[in-house]
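Listing of protein.tsv, TSV, C-alpha atoms and all ligand atoms
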```
chain	number	residue	atom	x	y	z
U	35	MET	CA	-122.55	-183.06	25.27
U	36	ARG	CA	-124.68	-181.26	22.68
U	37	LYS	CA	-122.94	-177.98	23.60
U	38	VAL	CA	-119.56	-179.64	23.22
U	39	LEU	CA	-120.42	-180.87	19.76
U	40	GLU	CA	-121.82	-177.52	18.71
U	41	LYS	CA	-118.55	-176.01	19.81
U	42	LEU	CA	-116.77	-178.72	17.90
U	43	ALA	CA	-118.64	-177.93	14.72
U	44	LEU	CA	-118.22	-174.18	15.00
U	45	SER	CA	-114.72	-173.78	16.31
U	46	THR	CA	-111.67	-173.49	14.07
U	47	PHE	CA	-109.37	-175.11	16.64
U	48	ASN	CA	-108.14	-178.63	16.16
U	49	THR	CA	-108.51	-180.13	19.60
U	50	TYR	CA	-111.30	-179.90	22.09
U	51	ALA	CA	-111.43	-180.92	25.70
U	52	LEU	CA	-114.86	-182.30	26.50
U	53	THR	CA	-116.31	-180.28	29.35
U	54	ARG	CA	-117.57	-182.71	31.94
U	55	ARG	CA	-121.07	-182.26	33.23
U	56	GLN	CA	-119.93	-182.12	36.83
U	57	SER	CA	-123.20	-180.54	37.91
U	58	ALA	CA	-124.97	-183.74	36.81
U	59	ARG	CA	-122.89	-185.86	39.19
U	60	PRO	CA	-124.37	-187.07	42.49
U	61	PHE	CA	-123.70	-184.73	45.39
U	62	SER	CA	-121.83	-187.48	47.26
U	63	THR	CA	-119.22	-188.01	44.49
U	64	SER	CA	-115.83	-187.71	46.17
U	65	ALA	CA	-113.11	-185.34	45.02
U	66	ALA	CA	-110.92	-188.36	44.27
U	67	THR	CA	-113.54	-189.79	41.88
U	68	LEU	CA	-113.84	-186.49	40.08
U	69	GLN	CA	-110.08	-186.24	39.75
U	70	ASP	CA	-109.94	-189.77	38.37
U	71	LYS	CA	-112.54	-189.03	35.72
U	72	LYS	CA	-110.85	-188.95	32.32
U	73	THR	CA	-111.34	-186.02	30.01
U	74	ILE	CA	-111.64	-186.97	26.34
U	75	THR	CA	-109.79	-184.80	23.86
U	76	ILE	CA	-111.12	-184.89	20.32
U	77	PHE	CA	-108.71	-184.58	17.42
U	78	LYS	CA	-110.01	-183.75	13.98
U	79	THR	CA	-106.71	-183.28	12.15
U	80	ILE	CA	-103.55	-185.32	11.73
U	81	PRO	CA	-101.11	-182.57	12.88
U	82	SER	CA	-103.03	-181.97	16.11
U	83	LEU	CA	-103.04	-185.68	16.90
U	84	ARG	CA	-99.32	-185.97	16.11
U	85	GLU	CA	-98.51	-183.11	18.47
U	86	TRP	CA	-100.41	-184.85	21.29
U	87	ARG	CA	-98.72	-188.17	20.45
U	88	GLN	CA	-95.24	-186.62	20.57
U	89	LYS	CA	-95.89	-185.27	24.03
U	90	LEU	CA	-96.94	-188.74	25.23
U	91	ALA	CA	-93.74	-190.18	23.78
U	92	THR	CA	-91.56	-187.71	25.68
U	93	GLU	CA	-93.40	-188.79	28.84
U	94	GLY	CA	-92.71	-192.45	27.99
U	95	ARG	CA	-96.40	-193.39	28.21
U	96	THR	CA	-97.87	-196.45	26.52
U	97	LEU	CA	-100.73	-195.81	24.09
U	98	GLY	CA	-103.53	-198.31	23.44
U	99	PHE	CA	-105.47	-197.83	20.20
U	100	VAL	CA	-108.98	-199.05	19.31
U	101	PRO	CA	-109.89	-198.37	15.65
U	102	THR	CA	-113.65	-198.33	14.99
U	103	MET	CA	-116.16	-197.24	12.39
U	104	GLY	CA	-118.52	-195.82	15.04
U	105	GLY	CA	-122.09	-196.92	15.74
U	106	LEU	CA	-120.59	-198.01	19.03
U	107	HIS	CA	-121.87	-200.81	21.25
U	108	GLU	CA	-120.60	-202.84	24.21
U	109	GLY	CA	-118.21	-204.77	21.93
U	110	HIS	CA	-116.29	-201.58	21.13
U	111	LEU	CA	-116.51	-200.33	24.69
U	112	SER	CA	-115.09	-203.59	26.04
U	113	LEU	CA	-112.02	-203.07	23.82
U	114	ALA	CA	-111.56	-199.54	25.20
U	115	LYS	CA	-111.85	-200.88	28.75
U	116	GLN	CA	-109.39	-203.69	28.01
U	117	ALA	CA	-106.97	-201.10	26.57
U	118	ALA	CA	-107.29	-198.92	29.68
U	119	GLY	CA	-106.43	-201.92	31.85
U	120	ILE	CA	-103.14	-202.40	30.00
U	121	CYS	CA	-102.08	-198.96	28.75
U	122	ASP	CA	-101.41	-195.55	30.33
U	123	THR	CA	-103.40	-193.77	27.63
U	124	VAL	CA	-106.17	-194.88	25.26
U	125	ALA	CA	-107.15	-193.50	21.84
U	126	VAL	CA	-110.20	-194.54	19.81
U	127	SER	CA	-110.67	-193.64	16.16
U	128	ILE	CA	-114.07	-193.30	14.52
U	129	PHE	CA	-113.81	-193.42	10.74
U	130	VAL	CA	-116.20	-195.08	8.31
U	131	ASN	CA	-113.60	-196.34	5.86
U	132	PRO	CA	-114.86	-196.15	2.25
U	133	ALA	CA	-112.03	-198.38	0.98
U	134	GLN	CA	-113.47	-201.48	2.67
U	135	PHE	CA	-116.90	-201.13	1.06
U	136	ALA	CA	-117.67	-202.43	-2.42
U	137	PRO	CA	-119.79	-200.14	-4.66
U	138	HIS	CA	-122.94	-202.23	-3.97
U	139	GLU	CA	-122.44	-202.33	-0.17
U	140	ASP	CA	-123.86	-200.20	2.65
U	141	LEU	CA	-121.37	-197.28	2.96
U	142	ASP	CA	-124.12	-194.67	2.72
U	143	LYS	CA	-126.42	-196.22	5.27
U	144	TYR	CA	-123.69	-197.34	7.73
U	145	PRO	CA	-124.66	-195.99	11.21
U	146	ARG	CA	-123.19	-192.56	11.93
U	147	MET	CA	-124.07	-191.33	15.44
U	148	LEU	CA	-121.12	-189.32	16.72
U	149	GLU	CA	-122.87	-187.65	19.63
U	150	LYS	CA	-124.08	-190.95	21.08
U	151	ASP	CA	-120.68	-192.56	20.42
U	152	LEU	CA	-118.88	-189.85	22.40
U	153	GLU	CA	-121.32	-190.19	25.28
U	154	LEU	CA	-120.74	-193.94	25.41
U	155	LEU	CA	-116.97	-193.52	25.32
U	156	GLU	CA	-117.07	-190.87	28.02
U	157	ALA	CA	-119.14	-193.17	30.24
U	158	THR	CA	-116.45	-195.89	30.11
U	159	ASN	CA	-113.97	-193.50	31.75
U	160	SER	CA	-111.34	-195.42	29.77
U	161	VAL	CA	-110.64	-193.15	26.82
U	162	ASP	CA	-108.27	-190.17	26.62
U	163	ALA	CA	-108.49	-189.27	22.95
U	164	VAL	CA	-110.86	-189.71	20.03
U	165	PHE	CA	-109.54	-189.29	16.49
U	166	LEU	CA	-112.08	-188.24	13.84
U	167	PRO	CA	-110.20	-187.94	10.56
U	168	THR	CA	-111.87	-186.87	7.34
U	169	VAL	CA	-111.94	-189.01	4.19
U	170	LYS	CA	-109.77	-186.37	2.48
U	171	ASP	CA	-107.12	-186.59	5.22
U	172	ILE	CA	-106.93	-190.37	5.03
U	173	TYR	CA	-107.22	-190.63	1.23
U	174	PRO	CA	-105.60	-187.51	-0.27
U	175	ASN	CA	-105.98	-189.00	-3.78
U	176	GLY	CA	-109.72	-189.57	-3.26
U	177	ILE	CA	-111.24	-193.00	-2.81
U	178	PRO	CA	-113.62	-194.24	-5.50
U	179	LEU	CA	-115.21	-197.52	-4.36
U	180	ASP	CA	-114.35	-199.16	-7.67
U	181	VAL	CA	-110.88	-200.62	-6.97
U	182	GLU	CA	-109.87	-200.26	-10.64
U	183	LYS	CA	-110.25	-196.48	-10.38
U	184	GLN	CA	-108.30	-196.04	-7.15
U	185	GLN	CA	-105.00	-194.12	-7.08
U	186	GLY	CA	-102.22	-194.20	-4.50
U	187	THR	CA	-100.84	-196.66	-1.96
U	188	PHE	CA	-102.74	-199.72	-0.73
U	189	VAL	CA	-101.79	-202.63	1.51
U	190	GLU	CA	-102.63	-206.23	0.59
U	191	VAL	CA	-102.17	-209.29	2.75
U	192	LYS	CA	-101.71	-212.16	0.32
U	193	GLY	CA	-102.96	-215.61	1.23
U	194	ARG	CA	-105.24	-214.48	4.06
U	195	SER	CA	-107.63	-212.11	2.28
U	196	HIS	CA	-109.31	-214.11	-0.48
U	197	GLN	CA	-111.10	-216.82	1.53
U	198	MET	CA	-114.01	-216.70	4.03
U	199	GLU	CA	-115.10	-213.02	4.21
U	200	GLY	CA	-112.77	-212.23	1.31
U	201	GLN	CA	-114.59	-214.56	-1.04
U	202	THR	CA	-117.80	-212.54	-0.82
U	203	ARG	CA	-116.03	-209.21	-0.17
U	204	PRO	CA	-112.93	-209.34	-2.45
U	205	GLY	CA	-111.57	-205.83	-1.74
U	206	PHE	CA	-112.52	-205.82	1.91
U	207	PHE	CA	-109.24	-206.77	3.61
U	208	ARG	CA	-107.22	-204.57	1.26
U	209	GLY	CA	-109.36	-201.68	2.48
U	210	VAL	CA	-109.05	-202.71	6.13
U	211	ALA	CA	-105.27	-203.32	6.01
U	212	THR	CA	-104.73	-200.02	4.19
U	213	VAL	CA	-106.70	-197.88	6.62
U	214	VAL	CA	-105.28	-199.62	9.68
U	215	CYS	CA	-101.72	-199.01	8.43
U	216	LYS	CA	-102.53	-195.35	7.84
U	217	LEU	CA	-104.06	-195.08	11.32
U	218	PHE	CA	-101.08	-196.87	12.90
U	219	ASN	CA	-98.70	-194.43	11.17
U	220	ILE	CA	-100.67	-191.45	12.43
U	221	VAL	CA	-101.52	-192.63	15.96
U	222	GLN	CA	-98.33	-194.66	16.57
U	223	PRO	CA	-99.82	-196.84	19.28
U	224	THR	CA	-97.77	-199.18	21.42
U	225	HIS	CA	-100.76	-201.57	21.70
U	226	ALA	CA	-103.70	-202.19	19.32
U	227	PHE	CA	-107.03	-203.84	20.19
U	228	PHE	CA	-109.40	-205.71	17.86
U	229	GLY	CA	-112.48	-207.87	18.44
U	230	GLN	CA	-112.67	-211.64	17.97
U	231	LYS	CA	-116.03	-211.15	16.25
U	232	ASP	CA	-114.04	-210.19	13.15
U	233	ALA	CA	-111.73	-213.21	13.39
U	234	GLN	CA	-110.29	-213.08	9.89
U	235	GLN	CA	-109.62	-209.36	10.34
U	236	CYS	CA	-107.59	-210.27	13.45
U	237	VAL	CA	-105.53	-212.81	11.51
U	238	VAL	CA	-104.96	-210.36	8.63
U	239	LEU	CA	-103.96	-207.50	10.94
U	240	ARG	CA	-101.68	-209.66	13.04
U	241	SER	CA	-99.87	-210.46	9.76
U	242	VAL	CA	-99.71	-206.75	8.88
U	243	ILE	CA	-98.06	-205.94	12.20
U	244	SER	CA	-95.55	-208.73	11.91
U	245	ASP	CA	-94.82	-208.46	8.15
U	246	LEU	CA	-94.42	-204.66	8.20
U	247	HIS	CA	-92.49	-204.65	11.50
U	248	TYR	CA	-94.82	-202.38	13.40
U	249	PRO	CA	-93.63	-202.14	17.04
U	250	ILE	CA	-97.17	-202.73	18.27
U	251	SER	CA	-98.52	-205.39	20.67
U	252	PHE	CA	-101.63	-206.99	19.24
U	253	HIS	CA	-104.61	-207.78	21.51
U	254	VAL	CA	-107.86	-209.58	20.75
U	255	GLY	CA	-110.98	-208.90	22.84
U	256	GLU	CA	-113.65	-211.58	23.31
U	257	THR	CA	-116.85	-211.29	21.31
U	258	VAL	CA	-119.50	-209.46	23.33
U	259	ARG	CA	-122.98	-210.91	22.80
U	260	GLU	CA	-126.60	-209.94	23.33
U	261	TYR	CA	-128.68	-211.87	25.91
U	262	ASP	CA	-129.53	-214.56	23.32
U	263	GLY	CA	-126.03	-215.02	21.93
U	264	LEU	CA	-126.26	-212.71	18.90
U	265	ALA	CA	-122.82	-211.11	18.46
U	266	MET	CA	-123.05	-207.35	18.92
U	267	SER	CA	-122.53	-205.54	15.64
U	268	SER	CA	-123.24	-202.05	14.35
U	269	ARG	CA	-125.22	-203.70	11.55
U	270	ASN	CA	-127.67	-205.30	14.04
U	271	ARG	CA	-129.37	-201.89	13.89
U	272	TYR	CA	-130.58	-202.74	10.39
U	273	LEU	CA	-132.72	-205.62	11.73
U	274	THR	CA	-136.45	-205.14	12.23
U	275	PRO	CA	-137.92	-206.40	15.56
U	276	GLU	CA	-139.32	-209.38	13.64
U	277	HIS	CA	-135.93	-210.30	12.15
U	278	ARG	CA	-134.15	-209.65	15.43
U	279	GLN	CA	-136.16	-212.49	17.02
U	280	PHE	CA	-134.29	-215.15	15.06
U	281	ALA	CA	-131.07	-213.24	14.31
U	282	ASN	CA	-129.16	-215.42	16.77
U	283	VAL	CA	-129.49	-218.32	14.31
U	284	LEU	CA	-125.81	-218.03	13.35
U	285	TYR	CA	-124.79	-218.19	17.01
U	286	ARG	CA	-127.00	-221.25	17.52
U	287	ALA	CA	-125.55	-222.90	14.41
U	288	LEU	CA	-121.92	-222.27	15.39
U	289	SER	CA	-122.67	-223.49	18.93
U	290	LYS	CA	-123.92	-226.80	17.47
U	291	GLY	CA	-120.67	-227.14	15.50
U	292	LYS	CA	-118.60	-226.34	18.57
U	293	GLN	CA	-120.56	-228.87	20.64
U	294	ALA	CA	-119.86	-231.56	18.04
U	295	PHE	CA	-116.14	-230.80	18.44
U	296	GLU	CA	-116.04	-230.43	22.21
U	297	ASN	CA	-118.70	-232.84	23.49
U	298	ASP	CA	-118.84	-235.52	20.79
U	299	GLY	CA	-115.14	-235.49	19.92
U	300	ILE	CA	-115.79	-234.98	16.20
U	301	ARG	CA	-112.73	-233.72	14.31
U	302	ASP	CA	-113.88	-234.14	10.72
U	303	SER	CA	-114.54	-230.74	9.19
U	304	LYS	CA	-117.47	-231.81	6.99
U	305	ARG	CA	-119.30	-233.32	9.97
U	306	ILE	CA	-118.73	-230.25	12.18
U	307	ILE	CA	-119.90	-227.89	9.45
U	308	ALA	CA	-122.90	-230.12	8.67
U	309	LYS	CA	-124.09	-229.66	12.28
U	310	ALA	CA	-124.02	-225.89	11.87
U	311	GLN	CA	-125.59	-226.02	8.40
U	312	GLU	CA	-128.56	-228.05	9.62
U	313	VAL	CA	-129.58	-225.21	11.96
U	314	VAL	CA	-129.46	-222.48	9.29
U	315	GLU	CA	-131.05	-224.64	6.60
U	316	SER	CA	-133.98	-225.63	8.81
U	317	GLU	CA	-134.75	-221.95	9.48
U	318	SER	CA	-134.20	-220.87	5.87
U	319	GLU	CA	-137.31	-222.84	4.92
U	320	THR	CA	-139.63	-220.53	6.86
U	321	LYS	CA	-137.64	-217.36	7.54
U	322	ASP	CA	-135.72	-214.76	5.53
U	323	VAL	CA	-132.32	-216.33	6.33
U	324	LYS	CA	-129.71	-217.18	3.69
U	325	LEU	CA	-126.40	-218.87	4.35
U	326	ASP	CA	-123.34	-217.31	2.74
U	327	TYR	CA	-120.70	-219.76	4.03
U	328	PHE	CA	-119.39	-221.82	6.88
U	329	SER	CA	-115.65	-222.32	7.22
U	330	LEU	CA	-113.38	-224.38	9.40
U	331	ALA	CA	-109.95	-222.83	8.97
U	332	HIS	CA	-106.48	-222.98	10.47
U	333	PRO	CA	-106.16	-220.17	13.05
U	334	ARG	CA	-103.03	-218.63	11.50
U	335	THR	CA	-102.90	-219.59	7.80
U	336	LEU	CA	-106.70	-219.56	7.32
U	337	GLU	CA	-106.39	-222.63	5.10
U	338	GLU	CA	-109.59	-224.69	5.00
U	339	LEU	CA	-109.08	-227.83	7.10
U	340	GLU	CA	-110.24	-231.38	6.40
U	341	SER	CA	-110.03	-232.12	10.08
U	342	VAL	CA	-109.14	-230.18	13.22
U	343	GLY	CA	-105.59	-230.88	14.34
U	344	GLU	CA	-103.56	-229.84	17.34
U	345	ASP	CA	-103.45	-226.16	16.30
U	346	GLY	CA	-107.25	-226.02	16.60
U	347	ALA	CA	-109.49	-224.13	14.16
U	348	ILE	CA	-111.69	-221.13	13.59
U	349	LEU	CA	-115.29	-222.17	12.93
U	350	SER	CA	-116.87	-219.16	11.25
U	351	GLY	CA	-119.78	-218.21	9.08
U	352	ALA	CA	-121.81	-215.45	7.47
U	353	ILE	CA	-125.54	-215.23	6.87
U	354	TYR	CA	-127.97	-212.75	5.41
U	355	ILE	CA	-131.10	-211.90	7.36
U	356	ALA	CA	-133.45	-210.01	5.06
U	357	GLY	CA	-130.36	-208.74	3.21
U	358	THR	CA	-128.37	-207.76	6.32
U	359	ARG	CA	-125.03	-209.54	6.41
U	360	LEU	CA	-124.01	-210.88	9.83
U	361	ILE	CA	-120.81	-212.72	10.71
U	362	ASP	CA	-119.70	-214.69	13.76
U	363	ASN	CA	-117.21	-217.36	14.78
U	364	MET	CA	-116.15	-219.73	17.52
U	365	LEU	CA	-112.64	-220.85	18.33
U	366	LEU	CA	-112.04	-224.59	18.55
U	367	ASN	CA	-109.13	-225.17	20.88
U	368	CYS	CA	-107.12	-222.15	19.69
U	369	GLU	CA	-106.55	-218.44	20.19
U	370	LEU	CA	-106.33	-215.65	17.64
M	401	LIG	N1	-119.42	-207.97	19.48
M	401	LIG	C1	-118.18	-207.55	19.52
M	401	LIG	N2	-117.37	-207.92	20.53
M	401	LIG	C2	-116.07	-207.51	20.58
M	401	LIG	N3	-115.51	-206.68	19.66
M	401	LIG	C3	-116.28	-206.30	18.63
M	401	LIG	C4	-117.65	-206.70	18.51
M	401	LIG	N4	-118.16	-206.14	17.38
M	401	LIG	C5	-117.16	-205.42	16.83
M	401	LIG	N5	-116.03	-205.52	17.57
M	401	LIG	C6	-114.74	-204.95	17.26
M	401	LIG	O1	-114.78	-203.55	17.27
M	401	LIG	C7	-113.84	-203.02	16.34
M	401	LIG	C8	-114.54	-202.05	15.45
M	401	LIG	O2	-115.54	-202.75	14.69
M	401	LIG	P1	-116.65	-202.04	13.82
M	401	LIG	O3	-116.63	-200.58	14.10
M	401	LIG	O4	-116.60	-202.52	12.43
M	401	LIG	O5	-117.97	-202.58	14.49
M	401	LIG	P2	-118.86	-203.78	14.12
M	401	LIG	O6	-119.92	-203.87	15.15
M	401	LIG	O7	-117.99	-204.96	13.84
M	401	LIG	O8	-119.56	-203.30	12.85
M	401	LIG	P3	-120.03	-204.10	11.59
M	401	LIG	O9	-121.49	-204.07	11.66
M	401	LIG	O10	-119.42	-203.24	10.55
M	401	LIG	O11	-119.45	-205.48	11.62
M	401	LIG	C9	-113.30	-204.23	15.56
M	401	LIG	O12	-112.05	-204.59	16.11
M	401	LIG	C10	-114.34	-205.27	15.82
M	401	LIG	O13	-113.84	-206.59	15.74
M	402	LIG	C1	-110.62	-202.18	11.82
M	402	LIG	C2	-111.62	-201.22	11.18
M	402	LIG	C3	-111.91	-200.07	12.13
M	402	LIG	C4	-110.97	-200.63	9.94
M	402	LIG	O1	-111.83	-199.73	9.32
M	402	LIG	C5	-112.91	-201.94	10.77
M	402	LIG	O2	-112.69	-202.92	9.83
M	402	LIG	C6	-113.66	-202.47	11.95
M	402	LIG	O3	-114.26	-201.62	12.60
M	402	LIG	O4	-113.64	-203.68	12.24
M	403	LIG	N1	-116.19	-204.91	11.45
M	403	LIG	C1	-116.05	-205.05	10.04
M	403	LIG	C2	-116.38	-203.81	9.31
M	403	LIG	C3	-117.11	-204.06	8.00
M	403	LIG	O1	-117.83	-205.05	7.88
M	403	LIG	O2	-116.98	-203.25	7.10
```
Full structure transcribed into structure tokens:
Amino acid sequence: MRKVLEKLALSTFNTYALTRRQSARPFSTSAATLQDKKTITIFKTIPSLREWRQKLATEGRTLGFVPTMGGLHEGHLSLAKQAAGICDTVAVSIFVNPAQFAPHEDLDKYPRMLEKDLELLEATNSVDAVFLPTVKDIYPNGIPLDVEKQQGTFVEVKGRSHQMEGQTRPGFFRGVATVVCKLFNIVQPTHAFFGQKDAQQCVVLRSVISDLHYPISFHVGETVREYDGLAMSSRNRYLTPEHRQFANVLYRALSKGKQAFENDGIRDSKRIIAKAQEVVESESETKDVKLDYFSLAHPRTLEELESVGEDGAILSGAIYIAGTRLIDNMLLNCEL
């Protein structure tokens, strides 16, 4: 893999077939298995990706797309595997999108580990193409983090972007919707895959697809969790071993809220949220945990609910553990 990446850095070509380390395979591996092994092609420019995409179109193949910001974990890999189960071909993008970070947020320290990411994707045997655009390609006008200074075209989803995550991160969904539209226009997938962990993002992007008439089927993958319930997230890497020990507090809190709904039949929003709050507040007294918000929202409009009705609800929250922001959610009798 290191050789491949060196080649990638040095070469002036646009696309690269990853050479498979066949010599590292067990002697007993059958010819059929080797033939079935996918070869990942890496695209670093928009024209090279478009050329590949056009060829797929002439062959009438479906294309599943998993946009990511890298720092990959099992959550991302599960989306790639889900895509491979549904689509003929799978593309993953890795692009740390400046437009979704506020000036005070963690753009600079966000995990960047391309070599490891490619190894993980290769091991899934689910991915055909990886797209690695540059910031200049995606934002030809530049992309200052201060929204007031930005130039060019941006996509806003009104009514779904200002609450929950959007209250603390006001420009966040504008940045997400904008980059995802750009990526959709470049990659032209037939199917797109997003994780339930980012529930509001799913609702916002489902609206984008429907409002802007993208001919793309939208799929949501279940949240993949660590052994103790902590939702996998690239930002979990920021946690020290000490903080990691209680980082599942948000999961425990949301589980209490969900239990109140499912086992005790409680429908009143304040009472469900109070159950979750109790858990975080009791730990905040002794540990470096701060609650940002809990929300009980309608699964499509994201309006805050007074009580859970027949459409169900998204119970979600965000906390800070020693300054690291973690989000999670549970679905009460609904789907995204
Ligand atoms: N635990 C998870 N289970 C399933 N999907 C996930 C999980 N974590 C992230 N995803 C999905 O992977 C895609 C790419 O997410 P992203 O690269 O931002 O990773 P992340 O782990 O969510 O990082 P962050 O720390 O920025 O929240 C998104 O659709 C996201 O919802
Ligand atoms: C969808 C996304 C890749 C857009 O940058 C990002 O918000 C993410 O990884 O969830
Ligand atoms: N998965 C969401 C990416 C972000 O927090 O920027």
Neighbourhood of ligand LIG 402 (chain M) at 7 Å, counting all atoms listed in the file, reported as JSON, numbers by chain: {"U": [101, 102, 103, 129, 130, 131, 210, 213, 214, 232]}
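The protein and nucleic acid residues lying at most 7 Å from Phe252 (chain U) are U:His225, U:Ala226, U:Phe227, U:Arg240, with all atoms listed in the file considered and sequence neighbours fewer than 4 positions away removed.
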Contact check, chain U to ligand LIG 403 (chain M), at most 9 Å, counting all atoms listed in the file, closest pairs as a Markdown table:
```
| residue | atom | partner | partner_atom | distance |
| --- | --- | --- | --- | --- |
| U:Thr102 | CA | M:LIG403 | N1 | 7.9 |
| U:Met103 | CA | M:LIG403 | C2 | 7.3 |
| U:Val130 | CA | M:LIG403 | O2 | 8.3 |
| U:Asn131 | CA | M:LIG403 | O2 | 7.8 |
| U:Pro132 | CA | M:LIG403 | O2 | 8.9 |
| U:Gln134 | CA | M:LIG403 | O2 | 5.9 |
| U:Phe135 | CA | M:LIG403 | O2 | 6.4 |
| U:Asp140 | CA | M:LIG403 | O2 | 8.7 |
| U:Leu141 | CA | M:LIG403 | O2 | 8.5 |
| U:Tyr144 | CA | M:LIG403 | O2 | 9.0 |
| U:Phe206 | CA | M:LIG403 | O2 | 7.3 |
| U:Val210 | CA | M:LIG403 | O2 | 8.0 |
| U:Gly229 | CA | M:LIG403 | N1 | 8.4 |
| U:Lys231 | CA | M:LIG403 | N1 | 7.9 |
| U:Asp232 | CA | M:LIG403 | N1 | 5.9 |
| U:Gln235 | CA | M:LIG403 | C1 | 7.7 |
| U:Ser267 | CA | M:LIG403 | N1 | 7.6 |
| U:Ser268 | CA | M:LIG403 | N1 | 8.1 |
| U:Arg269 | CA | M:LIG403 | O1 | 8.4 |
| U:Arg359 | CA | M:LIG403 | O1 | 8.6 |
| U:Leu360 | CA | M:LIG403 | O1 | 8.7 |
| U:Ile361 | CA | M:LIG403 | O1 | 8.7 |
```
Pick out the closest residue to ligand LIG 401 (chain M) from this set: U:Ser341, U:Thr212, U:Gln116, U:Thr96. Count all atoms listed in the file. U:Gln116
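When all atoms listed in the file are used to measure the gap to Gly205 (chain U), the shortest distance among U:Ala118, U:Ala136, U:Leu246, U:Val238 belongs to U:Ala136.
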Could you check how far CA of Phe328 (chain U) sits from CA of Ala308 (chain U), in Å to one decimal? 9.2 Å
Rebuild region 112-128 of chain U to N, CA and C atoms - output it as a compact mmCIF listing (two decimals), in the frame of the given file, please.
```
# COMPACT_ATOMS: atom_id res chain seq x y z
N SER U 112 -115.89 -202.61 25.31
CA SER U 112 -115.09 -203.59 26.04
C SER U 112 -113.63 -203.52 25.58
N LEU U 113 -113.41 -203.21 24.30
CA LEU U 113 -112.02 -203.07 23.82
C LEU U 113 -111.34 -201.85 24.45
N ALA U 114 -112.12 -200.76 24.58
CA ALA U 114 -111.56 -199.54 25.20
C ALA U 114 -111.22 -199.82 26.66
N LYS U 115 -112.10 -200.58 27.33
CA LYS U 115 -111.85 -200.88 28.75
C LYS U 115 -110.62 -201.80 28.90
N GLN U 116 -110.54 -202.77 27.99
CA GLN U 116 -109.39 -203.69 28.01
C GLN U 116 -108.09 -202.87 27.82
N ALA U 117 -108.14 -201.94 26.86
CA ALA U 117 -106.97 -201.10 26.57
C ALA U 117 -106.57 -200.29 27.80
N ALA U 118 -107.58 -199.75 28.50
CA ALA U 118 -107.29 -198.92 29.68
C ALA U 118 -106.68 -199.76 30.81
N GLY U 119 -107.00 -201.05 30.82
CA GLY U 119 -106.43 -201.92 31.85
C GLY U 119 -104.96 -202.23 31.61
N ILE U 120 -104.51 -202.01 30.37
CA ILE U 120 -103.14 -202.40 30.00
C ILE U 120 -102.26 -201.17 29.74
N CYS U 121 -102.88 -200.10 29.25
CA CYS U 121 -102.08 -198.96 28.75
C CYS U 121 -102.28 -197.71 29.61
N ASP U 122 -101.29 -196.81 29.58
CA ASP U 122 -101.41 -195.55 30.33
C ASP U 122 -102.45 -194.63 29.70
N THR U 123 -102.54 -194.71 28.37
CA THR U 123 -103.40 -193.77 27.63
C THR U 123 -104.13 -194.56 26.56
N VAL U 124 -105.37 -194.14 26.25
CA VAL U 124 -106.17 -194.88 25.26
C VAL U 124 -106.74 -193.91 24.21
N ALA U 125 -106.55 -194.27 22.94
CA ALA U 125 -107.15 -193.50 21.84
C ALA U 125 -108.09 -194.40 21.05
N VAL U 126 -109.22 -193.83 20.65
CA VAL U 126 -110.20 -194.54 19.81
C VAL U 126 -110.35 -193.72 18.53
N SER U 127 -110.36 -194.39 17.38
CA SER U 127 -110.67 -193.64 16.16
C SER U 127 -112.07 -194.02 15.70
N ILE U 128 -112.76 -193.05 15.14
CA ILE U 128 -114.07 -193.30 14.52
C ILE U 128 -113.95 -192.82 13.09
```
